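What follows is one structure encoded as structure tokens, with my remarks underneath.
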Amino acid sequence: MTGFIKTAGADGLRSGFSTGAYAAATAVAAWRRLQGQPFMTPLPLRFADGRTRDIAVAGVALHAEDRAESWAVKDGGDDIDITHQALIRAQVSRAAGLQPRPEDFVENCGAATLILRGGMGVGLVKRAGLDVPPGKWAINPTPRAMIGDNLRHAGAGDHKEPLLIEISVDNGAELAIRTLNPLLGIDGGLSILGTSGLVIPCSNVAYRETIRVLIRGAAAAGTKRLALVTGGRTHGWLRRIDPHLAEYAIFRIGDFIREALEICAGQGIPRVTIGCMAGKLAKYALGHANTHAHQVALDMAAVLHLLGTRGFSYDQSLGGRNFSSFREFLESLAEPEQKQAVAILAREAGGLFRQWAPDLEVEILVFNPGGELFSKDTGS
């Protein structure tokens, strides 16, 4: 495999790798060049799931005795987005005596310390509500972990010297204008993303049919309760709090909430647990049957209005703020108000779900960004 994974299925869609995976691969390739090791492509890379996959790296260069660079062309597979074919670079430098900047990340790597920095084309987070705090480079936790893990396995962790890892994306600032980054408060470039390192493509029709086939199979096996989760993180969090639920009874439904519920009802499943985060919950509560960002943007004014009509009381001066996300709004509240707002939206969403699929007993688990259970609606 060099840059993509071939998925099973008649459609022959290719799975690609995230920007975070390419950042990790180029960091390892640059480190190897700095150590005098030969250029290797494809490069074996450890992913967040513990598996090793081969990823293509385009080249390496030694710029000085203490500084090397590597670059790769992102292949997003058949789920092509704005970063498909983007040139991603990592520069690795020996950094004895270097003081981190406030926007840098400092990570442990065995005996070594890594200073992770965004270069040209990587944005800075300016607003709350994302997985990265304001003032830091837009390099998400999973890519940072993959960079550290792979450098440690490449031997960097055996050296006590600090290393500066600088990630950049050619023309990243120009590409970012065509993304949601400006709206979310990420300034000057792209985000280095990924929750698994993989980009799994699927057309909407194929995705829905896959959900249908899997639920039908679980129903045929006599399963009485299914769990519907929105993605990889909610899947892992739900497994943690409900380890006895069979793996075949948990489905990643992405944005297709109404269709998934209707399929469950149509297959005679009596109970469904939904695992989501607060941003999805807000869209559910507003009645959106498909929650994809390109299908529907979250209308914060509508969310605030809904909360107000359901008795939510909070500092009214916040109502005039231009919140970029529901998470940012929540983080502006005290903890009791956060719980109250989420509980109201969970009840509202649960009522809509029961209208869409009247025969289902629906339970909603709402997780905070750290994976802790935020709220639970059991239909009462």
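Lettering and numbering for the structure tokens are positional, with chains as A, B, ... in the shown order, residues counted from 1 in each chain, and ligands counted from 1 in the shown order.
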(request) Mind checking which residues fall within 12 Å of Ala346 (chain A), counting only C-alpha atoms, ignoring those fewer than 6 positions away in the same chain, and posting them as a VMD selection string? (result) chain A and resid 274 to 287 307 310 339 to 340 352 to 353 362 to 367 374 to 380
(request) Report as an MDAnalysis selection string: the residues of region 84-182 of chain A with a DSSP assignment of strand (DSSP E or B), based on the backbone of this structure. (result) chainID A and resid 87:94 105:109 112:118 122 124:125 137 139 163:169
(message) Which residues are close to Asp149 (chain A), i.e. within 9 Å by only C-alpha atoms, leaving aside same-chain residues fewer than 5 positions away? Reply as JSON, numbers by chain.
(response) {"A": [24, 46, 47, 109, 144, 154]}
(request) Write out as a count of residues only the residues lying within 10 Å of Gln267 (chain A), counting only C-alpha atoms and excluding same-chain residues fewer than 2 positions away. (result) 14
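CA of Glu259 (chain A) is positioned 24.1 Å from CA of Ser15 (chain A).
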(message) List the spatial neighbours of Thr291 (chain A) as a VMD selection string - criterion: any atom at most 8 Å away, only C-alpha atoms, same-chain residues fewer than 2 positions off excluded.
(response) chain A and resid 255 to 257 280 283 to 284 288 to 289 293 295 to 296
Can I get the selected residues back with C-alpha atoms, as a PDB file, in the first residue's frame?
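Produced file again30.pdb, reproduced below:
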ATOM      1  CA  ASP A 255     -24.631  12.179   9.815  1.00  0.00           C
ATOM      2  CA  PHE A 256     -27.547   9.881   8.924  1.00  0.00           C
ATOM      3  CA  ILE A 257     -29.426   9.995  12.190  1.00  0.00           C
ATOM      4  CA  LYS A 280     -24.418  16.994  16.963  1.00  0.00           C
ATOM      5  CA  LYS A 283     -28.461  19.849  15.360  1.00  0.00           C
ATOM      6  CA  TYR A 284     -30.616  16.890  16.397  1.00  0.00           C
ATOM      7  CA  HIS A 288     -32.020  18.114  11.255  1.00  0.00           C
ATOM      8  CA  ALA A 289     -32.303  14.616   9.806  1.00  0.00           C
ATOM      9  CA  ALA A 293     -21.694  20.456   7.780  1.00  0.00           C
ATOM     10  CA  GLN A 295     -25.845  19.942   4.369  1.00  0.00           C
ATOM     11  CA  VAL A 296     -26.698  22.170   7.300  1.00  0.00           C
TER      12      VAL A 296
END
(message) Between CA of Leu304 (chain A) and CA of Asn368 (chain A), what distance in Å does the model show, to one decimal?
(response) 19.1 Å
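Nearest-residue note for Leu180 (chain A): choosing from A:Gly232, A:Ala68, A:Asp104, A:Ser324, the minimum distance belongs to A:Ser324, counting only C-alpha atoms.
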